[in-house]
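Accompanying notes for the structure given below.
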Amino acid sequence: MTETSFLGKSLVSIRDLTREHINLILDEAEKMEKIIHSGKKPLVGKVMVSLFMEPSTRTRLSFESAMHRLGGAVISVSDPKSSSAAKGESLSDTIRTVANYGDVIVIRHPMEGSARLAAEFSSVPVISGGSGAEEHPTQALLDLLTLKRELKEIEGKRIALVGDLKYGRTVHSLAYSLAKYKGVIIDFVSPQSLKIRDEIKTDLKEAGLEFHEEESLINVISRVDAIYMTRIQKERFAQESEYAKVKDAYVLTKKIMKEAKGPIPVLHPLPRVNEIDYDLDETVHAVYFSQTFNGVLTRMALLNLILGGKI
Ligand code: CP
């Protein structure tokens, strides 16, 4: 595995990466804080097309920040209503067009399979910034970097993934990636109606991952090394009444965290609605804002590897 392993490659699913690929990206990400302060600009002359057909704050802006910090340029669609998709243009035509405008495309789209379809039609590498409720591979990479920084070692750790496990794409990518680490145990904590999908459970079993399913957060809190909270994905529900039944299923507070076995980290891909009380923000458990900075480092690493920047 070398720095050239990613040159010109797309990233549409975390499942396409081996543990060695992940190690390389995380190692490169650790170098990026120094690059920010050194003033080195390895991607001068390169252009990133940022094509966001669903709302985003962190993924779009951290990718754009990453590209700017590496010296590259960014052109973007941040609102599908302002692109020709609103006139009925197909995704494949959009991709074949914008591939002529840049050296890499970062895409977020509401359709499952959209990133892979984009990669098939693109003449430049495509990075998924989230494909419907399916996957969010770069979020998993920054989650792994955060876990590694907080726990020192991911192997052998027990991690609770909590909330909307059915529609939460970050959870799907994170679970697949954790299955690549020896001895990890996952506690999936969700309401009955938002359980992790059967096909994902089948894949995780085949990968040899030990996991358990629970409805109660209190039942797992004292045995885990980290908690990964997620938002209930209101926008994916067909009926608001179904969302209302589960929207407050889990609210993590300072009081509840007293049951934890120590100063364990609480992660969240964000945005949060009310699943983490603001009183937790000032505690040692809250790592969800440093997690967003890790997103810049991870995306810098990935862009630099794909575009062949010399650091
Ligand atoms: N974590 C994440 O994907 O956040 P955004 O929706 O703001 O990009």
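Here's how to read the names in the structure tokens: chain A, B, ... by the order shown, residue numbers from 1 in each chain, ligand numbers from 1 in the order shown.
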
Closest atom pairs, chain A residues within 12 Å of ligand 1, only C-alpha atoms and all ligand atoms, as JSON lines:
{"residue": "A:Phe52", "atom": "CA", "partner": "ligand 1", "partner_atom_place_in_ligand_line": "8 (O)", "distance": 9.4}
{"residue": "A:Met53", "atom": "CA", "partner": "ligand 1", "partner_atom_place_in_ligand_line": "6 (O)", "distance": 11.3}
{"residue": "A:Glu54", "atom": "CA", "partner": "ligand 1", "partner_atom_place_in_ligand_line": "6 (O)", "distance": 8.3}
{"residue": "A:Pro55", "atom": "CA", "partner": "ligand 1", "partner_atom_place_in_ligand_line": "6 (O)", "distance": 6.3}
{"residue": "A:Ser56", "atom": "CA", "partner": "ligand 1", "partner_atom_place_in_ligand_line": "8 (O)", "distance": 3.8}
{"residue": "A:Thr57", "atom": "CA", "partner": "ligand 1", "partner_atom_place_in_ligand_line": "7 (O)", "distance": 3.5}
{"residue": "A:Arg58", "atom": "CA", "partner": "ligand 1", "partner_atom_place_in_ligand_line": "7 (O)", "distance": 3.9}
{"residue": "A:Thr59", "atom": "CA", "partner": "ligand 1", "partner_atom_place_in_ligand_line": "8 (O)", "distance": 3.7}
{"residue": "A:Arg60", "atom": "CA", "partner": "ligand 1", "partner_atom_place_in_ligand_line": "8 (O)", "distance": 5.9}
{"residue": "A:Leu61", "atom": "CA", "partner": "ligand 1", "partner_atom_place_in_ligand_line": "8 (O)", "distance": 7.8}
{"residue": "A:Ser62", "atom": "CA", "partner": "ligand 1", "partner_atom_place_in_ligand_line": "8 (O)", "distance": 8.4}
{"residue": "A:Phe63", "atom": "CA", "partner": "ligand 1", "partner_atom_place_in_ligand_line": "8 (O)", "distance": 9.6}
{"residue": "A:Glu64", "atom": "CA", "partner": "ligand 1", "partner_atom_place_in_ligand_line": "8 (O)", "distance": 11.6}
{"residue": "A:Ser78", "atom": "CA", "partner": "ligand 1", "partner_atom_place_in_ligand_line": "8 (O)", "distance": 11.1}
{"residue": "A:Val106", "atom": "CA", "partner": "ligand 1", "partner_atom_place_in_ligand_line": "8 (O)", "distance": 11.9}
{"residue": "A:Ile107", "atom": "CA", "partner": "ligand 1", "partner_atom_place_in_ligand_line": "8 (O)", "distance": 11.1}
{"residue": "A:Arg108", "atom": "CA", "partner": "ligand 1", "partner_atom_place_in_ligand_line": "8 (O)", "distance": 8.8}
{"residue": "A:His109", "atom": "CA", "partner": "ligand 1", "partner_atom_place_in_ligand_line": "6 (O)", "distance": 11.2}
{"residue": "A:Pro110", "atom": "CA", "partner": "ligand 1", "partner_atom_place_in_ligand_line": "6 (O)", "distance": 11.6}
{"residue": "A:Ser128", "atom": "CA", "partner": "ligand 1", "partner_atom_place_in_ligand_line": "3 (O)", "distance": 10.8}
{"residue": "A:Gly129", "atom": "CA", "partner": "ligand 1", "partner_atom_place_in_ligand_line": "3 (O)", "distance": 7.3}
{"residue": "A:Gly130", "atom": "CA", "partner": "ligand 1", "partner_atom_place_in_ligand_line": "3 (O)", "distance": 7.0}
{"residue": "A:Ser131", "atom": "CA", "partner": "ligand 1", "partner_atom_place_in_ligand_line": "3 (O)", "distance": 10.4}
{"residue": "A:Gly132", "atom": "CA", "partner": "ligand 1", "partner_atom_place_in_ligand_line": "3 (O)", "distance": 11.1}
{"residue": "A:Ala133", "atom": "CA", "partner": "ligand 1", "partner_atom_place_in_ligand_line": "3 (O)", "distance": 11.3}
{"residue": "A:Glu135", "atom": "CA", "partner": "ligand 1", "partner_atom_place_in_ligand_line": "3 (O)", "distance": 10.3}
{"residue": "A:His136", "atom": "CA", "partner": "ligand 1", "partner_atom_place_in_ligand_line": "3 (O)", "distance": 7.4}
{"residue": "A:Pro137", "atom": "CA", "partner": "ligand 1", "partner_atom_place_in_ligand_line": "3 (O)", "distance": 10.0}
{"residue": "A:Thr138", "atom": "CA", "partner": "ligand 1", "partner_atom_place_in_ligand_line": "3 (O)", "distance": 8.9}
{"residue": "A:Gln139", "atom": "CA", "partner": "ligand 1", "partner_atom_place_in_ligand_line": "1 (N)", "distance": 6.4}
{"residue": "A:Ala140", "atom": "CA", "partner": "ligand 1", "partner_atom_place_in_ligand_line": "1 (N)", "distance": 9.6}
{"residue": "A:Leu141", "atom": "CA", "partner": "ligand 1", "partner_atom_place_in_ligand_line": "1 (N)", "distance": 11.5}
{"residue": "A:Leu142", "atom": "CA", "partner": "ligand 1", "partner_atom_place_in_ligand_line": "1 (N)", "distance": 9.7}
{"residue": "A:Asp143", "atom": "CA", "partner": "ligand 1", "partner_atom_place_in_ligand_line": "1 (N)", "distance": 9.8}
{"residue": "A:Gly168", "atom": "CA", "partner": "ligand 1", "partner_atom_place_in_ligand_line": "3 (O)", "distance": 10.0}
{"residue": "A:Arg169", "atom": "CA", "partner": "ligand 1", "partner_atom_place_in_ligand_line": "3 (O)", "distance": 8.8}
{"residue": "A:Thr170", "atom": "CA", "partner": "ligand 1", "partner_atom_place_in_ligand_line": "3 (O)", "distance": 7.5}
{"residue": "A:Val171", "atom": "CA", "partner": "ligand 1", "partner_atom_place_in_ligand_line": "1 (N)", "distance": 10.7}
{"residue": "A:Ser173", "atom": "CA", "partner": "ligand 1", "partner_atom_place_in_ligand_line": "3 (O)", "distance": 11.8}
{"residue": "A:Met229", "atom": "CA", "partner": "ligand 1", "partner_atom_place_in_ligand_line": "1 (N)", "distance": 11.5}
{"residue": "A:Thr230", "atom": "CA", "partner": "ligand 1", "partner_atom_place_in_ligand_line": "1 (N)", "distance": 9.6}
{"residue": "A:Arg231", "atom": "CA", "partner": "ligand 1", "partner_atom_place_in_ligand_line": "1 (N)", "distance": 10.1}
{"residue": "A:Gln233", "atom": "CA", "partner": "ligand 1", "partner_atom_place_in_ligand_line": "6 (O)", "distance": 10.8}
{"residue": "A:Glu235", "atom": "CA", "partner": "ligand 1", "partner_atom_place_in_ligand_line": "6 (O)", "distance": 11.8}
{"residue": "A:Leu267", "atom": "CA", "partner": "ligand 1", "partner_atom_place_in_ligand_line": "1 (N)", "distance": 10.9}
{"residue": "A:His268", "atom": "CA", "partner": "ligand 1", "partner_atom_place_in_ligand_line": "1 (N)", "distance": 7.9}
{"residue": "A:Pro269", "atom": "CA", "partner": "ligand 1", "partner_atom_place_in_ligand_line": "1 (N)", "distance": 4.2}
{"residue": "A:Leu270", "atom": "CA", "partner": "ligand 1", "partner_atom_place_in_ligand_line": "1 (N)", "distance": 4.9}
{"residue": "A:Pro271", "atom": "CA", "partner": "ligand 1", "partner_atom_place_in_ligand_line": "4 (O)", "distance": 5.9}
{"residue": "A:Arg272", "atom": "CA", "partner": "ligand 1", "partner_atom_place_in_ligand_line": "4 (O)", "distance": 9.4}
{"residue": "A:Tyr288", "atom": "CA", "partner": "ligand 1", "partner_atom_place_in_ligand_line": "1 (N)", "distance": 10.1}
{"residue": "A:Phe289", "atom": "CA", "partner": "ligand 1", "partner_atom_place_in_ligand_line": "1 (N)", "distance": 10.9}
{"residue": "A:Gln291", "atom": "CA", "partner": "ligand 1", "partner_atom_place_in_ligand_line": "1 (N)", "distance": 9.6}
{"residue": "A:Thr292", "atom": "CA", "partner": "ligand 1", "partner_atom_place_in_ligand_line": "1 (N)", "distance": 8.1}
{"residue": "A:Phe293", "atom": "CA", "partner": "ligand 1", "partner_atom_place_in_ligand_line": "1 (N)", "distance": 11.5}
{"residue": "A:Asn294", "atom": "CA", "partner": "ligand 1", "partner_atom_place_in_ligand_line": "1 (N)", "distance": 11.6}
{"residue": "A:Gly295", "atom": "CA", "partner": "ligand 1", "partner_atom_place_in_ligand_line": "1 (N)", "distance": 9.0}
{"residue": "A:Val296", "atom": "CA", "partner": "ligand 1", "partner_atom_place_in_ligand_line": "1 (N)", "distance": 11.8}

Legend entry - Filtered DSSP result for segment 71-165 of chain A, state alpha helix (DSSP H), as a PyMOL selection string: chain A and resi 91-98+114-121+137-151

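Nearest-residue note for Met300 of chain A: choosing from A:Glu153, A:Glu3, A:Asp16, A:Glu33, the minimum distance belongs to A:Glu33, counting only C-alpha atoms.
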
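Residues within 12 Å of Thr97 of chain A, counting only C-alpha atoms and excluding same-chain residues fewer than 2 positions away, are Val49, Leu51, Ser84, Glu89, Ser90, Leu91, Ser92, Asp93, Thr94, Ile95, Ala99, Asn100, Tyr101, Gly102, Ile105, Ala118, Phe121, Ser122, Ser123 and Val124 of chain A.
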
Inset, instruction - Counting only C-alpha atoms, figure out which residue out of A:Ser241, A:Asn274, A:Thr253, A:Ser82 gets nearest to Gly163 of chain A. - result: A:Asn274

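Secondary structure from DSSP on the backbone puts strand (DSSP E) at the following positions of segment 187-283 of chain A: A:Asp187, A:Phe188, A:Val189, A:Glu210, A:Phe211, A:His212, A:Glu213, A:Glu214, A:Ala226, A:Ile227, A:Tyr228, A:Met229, A:Val266, A:Leu267.
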
Inset, instruction - List the neighbours of Pro265 of chain A out to 7 Å using only C-alpha atoms; skip same-chain residues closer than 3 positions along the sequence, and give me the result as a VMD selection string. - result: chain A and resid 150 226 to 227 285 to 287

Inset, instruction - Please provide as a ChimeraX atom specification all residues within 8 Å of Val74 of chain A, with the sequence filter that same-chain residues fewer than 6 positions apart are discarded (counting only C-alpha atoms). - result: /A:47-50,64,67-68

Next, write the just-selected residues to a file, as a PDB file, in the first residue's frame, keeping N, CA, C and O atoms as the atom set.
ATOM      1  N   VAL A  47      -8.875  21.489  -9.558  1.00  0.00           N
ATOM      2  CA  VAL A  47     -10.219  22.029  -9.288  1.00  0.00           C
ATOM      3  C   VAL A  47     -11.121  20.910  -8.774  1.00  0.00           C
ATOM      4  O   VAL A  47     -11.166  19.815  -9.364  1.00  0.00           O
ATOM      5  N   MET A  48     -11.817  21.171  -7.679  1.00  0.00           N
ATOM      6  CA  MET A  48     -12.806  20.226  -7.135  1.00  0.00           C
ATOM      7  C   MET A  48     -14.216  20.732  -7.473  1.00  0.00           C
ATOM      8  O   MET A  48     -14.521  21.901  -7.237  1.00  0.00           O
ATOM      9  N   VAL A  49     -15.026  19.840  -8.042  1.00  0.00           N
ATOM     10  CA  VAL A  49     -16.445  20.169  -8.281  1.00  0.00           C
ATOM     11  C   VAL A  49     -17.237  19.643  -7.094  1.00  0.00           C
ATOM     12  O   VAL A  49     -17.222  18.447  -6.805  1.00  0.00           O
ATOM     13  N   SER A  50     -17.921  20.527  -6.418  1.00  0.00           N
ATOM     14  CA  SER A  50     -18.672  20.172  -5.219  1.00  0.00           C
ATOM     15  C   SER A  50     -20.157  20.195  -5.603  1.00  0.00           C
ATOM     16  O   SER A  50     -20.740  21.248  -5.806  1.00  0.00           O
ATOM     17  N   GLU A  64     -14.665  21.606   0.950  1.00  0.00           N
ATOM     18  CA  GLU A  64     -14.233  22.846   0.290  1.00  0.00           C
ATOM     19  C   GLU A  64     -13.059  23.455   1.052  1.00  0.00           C
ATOM     20  O   GLU A  64     -12.076  23.919   0.465  1.00  0.00           O
ATOM     21  N   MET A  67      -9.943  21.458   0.258  1.00  0.00           N
ATOM     22  CA  MET A  67      -9.364  21.764  -1.073  1.00  0.00           C
ATOM     23  C   MET A  67      -8.662  23.115  -1.052  1.00  0.00           C
ATOM     24  O   MET A  67      -7.544  23.257  -1.571  1.00  0.00           O
ATOM     25  N   HIS A  68      -9.279  24.110  -0.429  1.00  0.00           N
ATOM     26  CA  HIS A  68      -8.637  25.435  -0.335  1.00  0.00           C
ATOM     27  C   HIS A  68      -7.330  25.345   0.437  1.00  0.00           C
ATOM     28  O   HIS A  68      -6.321  25.938   0.050  1.00  0.00           O
TER      29      HIS A  68
END

Legend entry - Residues within 12 Å of Lys180 of chain A, only C-alpha atoms, excluding chain neighbours under 4 positions, as a PyMOL selection string: chain A and resi 14-23+144+154-156+173-176+184-185+203-210

Output for the residues just chosen: N, CA and C atoms as a short mmCIF file (atom, residue, chain, number, x, y, z; two decimals), in the first residue's frame:
data_model
loop_
_atom_site.label_atom_id
_atom_site.label_comp_id
_atom_site.auth_asym_id
_atom_site.auth_seq_id
_atom_site.Cartn_x
_atom_site.Cartn_y
_atom_site.Cartn_z
N ILE A 14 -17.45 2.62 1.57
CA ILE A 14 -16.38 2.23 2.51
C ILE A 14 -16.06 0.75 2.30
N ARG A 15 -17.00 0.00 1.76
CA ARG A 15 -16.80 -1.44 1.57
C ARG A 15 -15.73 -1.72 0.52
N ASP A 16 -15.44 -0.72 -0.32
CA ASP A 16 -14.41 -0.91 -1.35
C ASP A 16 -13.00 -0.75 -0.79
N LEU A 17 -12.89 -0.30 0.48
CA LEU A 17 -11.57 -0.08 1.08
C LEU A 17 -11.18 -1.25 1.96
N THR A 18 -9.90 -1.61 1.90
CA THR A 18 -9.37 -2.61 2.84
C THR A 18 -8.91 -1.88 4.10
N ARG A 19 -8.56 -2.67 5.10
CA ARG A 19 -8.03 -2.08 6.33
C ARG A 19 -6.74 -1.30 6.01
N GLU A 20 -5.94 -1.80 5.07
CA GLU A 20 -4.69 -1.12 4.70
C GLU A 20 -4.99 0.23 4.06
N HIS A 21 -6.01 0.27 3.20
CA HIS A 21 -6.42 1.56 2.61
C HIS A 21 -6.79 2.55 3.71
N ILE A 22 -7.59 2.06 4.67
CA ILE A 22 -8.06 2.94 5.75
C ILE A 22 -6.87 3.43 6.58
N ASN A 23 -5.97 2.51 6.90
CA ASN A 23 -4.77 2.91 7.67
C ASN A 23 -4.00 4.01 6.95
N LEU A 144 -13.59 7.18 12.24
CA LEU A 144 -12.49 6.29 12.65
C LEU A 144 -11.30 7.09 13.17
N ILE A 154 -8.49 1.14 18.11
CA ILE A 154 -9.89 0.78 17.86
C ILE A 154 -10.12 -0.71 18.09
N GLU A 155 -9.10 -1.52 17.75
CA GLU A 155 -9.24 -2.98 17.90
C GLU A 155 -9.62 -3.35 19.33
N GLY A 156 -10.55 -4.28 19.46
CA GLY A 156 -10.94 -4.77 20.78
C GLY A 156 -11.91 -3.88 21.54
N SER A 173 -22.00 3.08 7.02
CA SER A 173 -20.58 3.10 6.63
C SER A 173 -19.69 2.80 7.82
N LEU A 174 -20.04 3.36 8.98
CA LEU A 174 -19.19 3.14 10.16
C LEU A 174 -19.20 1.67 10.57
N ALA A 175 -20.37 1.05 10.55
CA ALA A 175 -20.44 -0.38 10.93
C ALA A 175 -19.60 -1.23 9.98
N TYR A 176 -19.73 -0.97 8.68
CA TYR A 176 -18.90 -1.72 7.72
C TYR A 176 -17.41 -1.51 7.99
N VAL A 184 -13.57 -5.85 17.58
CA VAL A 184 -14.56 -4.80 17.87
C VAL A 184 -15.93 -5.45 18.09
N ILE A 185 -16.66 -4.92 19.07
CA ILE A 185 -18.05 -5.35 19.29
C ILE A 185 -18.93 -4.12 19.15
N ASP A 203 -24.17 -8.97 6.09
CA ASP A 203 -22.79 -8.65 5.67
C ASP A 203 -21.84 -8.61 6.87
N LEU A 204 -22.30 -8.02 7.97
CA LEU A 204 -21.43 -7.88 9.14
C LEU A 204 -21.13 -9.26 9.75
N LYS A 205 -22.15 -10.13 9.75
CA LYS A 205 -21.92 -11.50 10.25
C LYS A 205 -20.88 -12.20 9.39
N GLU A 206 -21.03 -12.05 8.07
CA GLU A 206 -20.08 -12.69 7.15
C GLU A 206 -18.66 -12.17 7.37
N ALA A 207 -18.57 -10.88 7.77
CA ALA A 207 -17.25 -10.27 8.01
C ALA A 207 -16.70 -10.69 9.38
N GLY A 208 -17.52 -11.41 10.18
CA GLY A 208 -17.04 -11.92 11.47
C GLY A 208 -17.19 -10.94 12.62
N LEU A 209 -17.98 -9.88 12.42
CA LEU A 209 -18.16 -8.88 13.48
C LEU A 209 -19.14 -9.39 14.55
N GLU A 210 -18.80 -9.19 15.82
CA GLU A 210 -19.76 -9.49 16.90
C GLU A 210 -20.60 -8.24 17.12
#

Legend entry - Minimum-distance residue to Val224 of chain A, chosen among A:Glu259, A:Glu242, A:Asp164, A:Asp27 (using only C-alpha atoms): A:Glu259
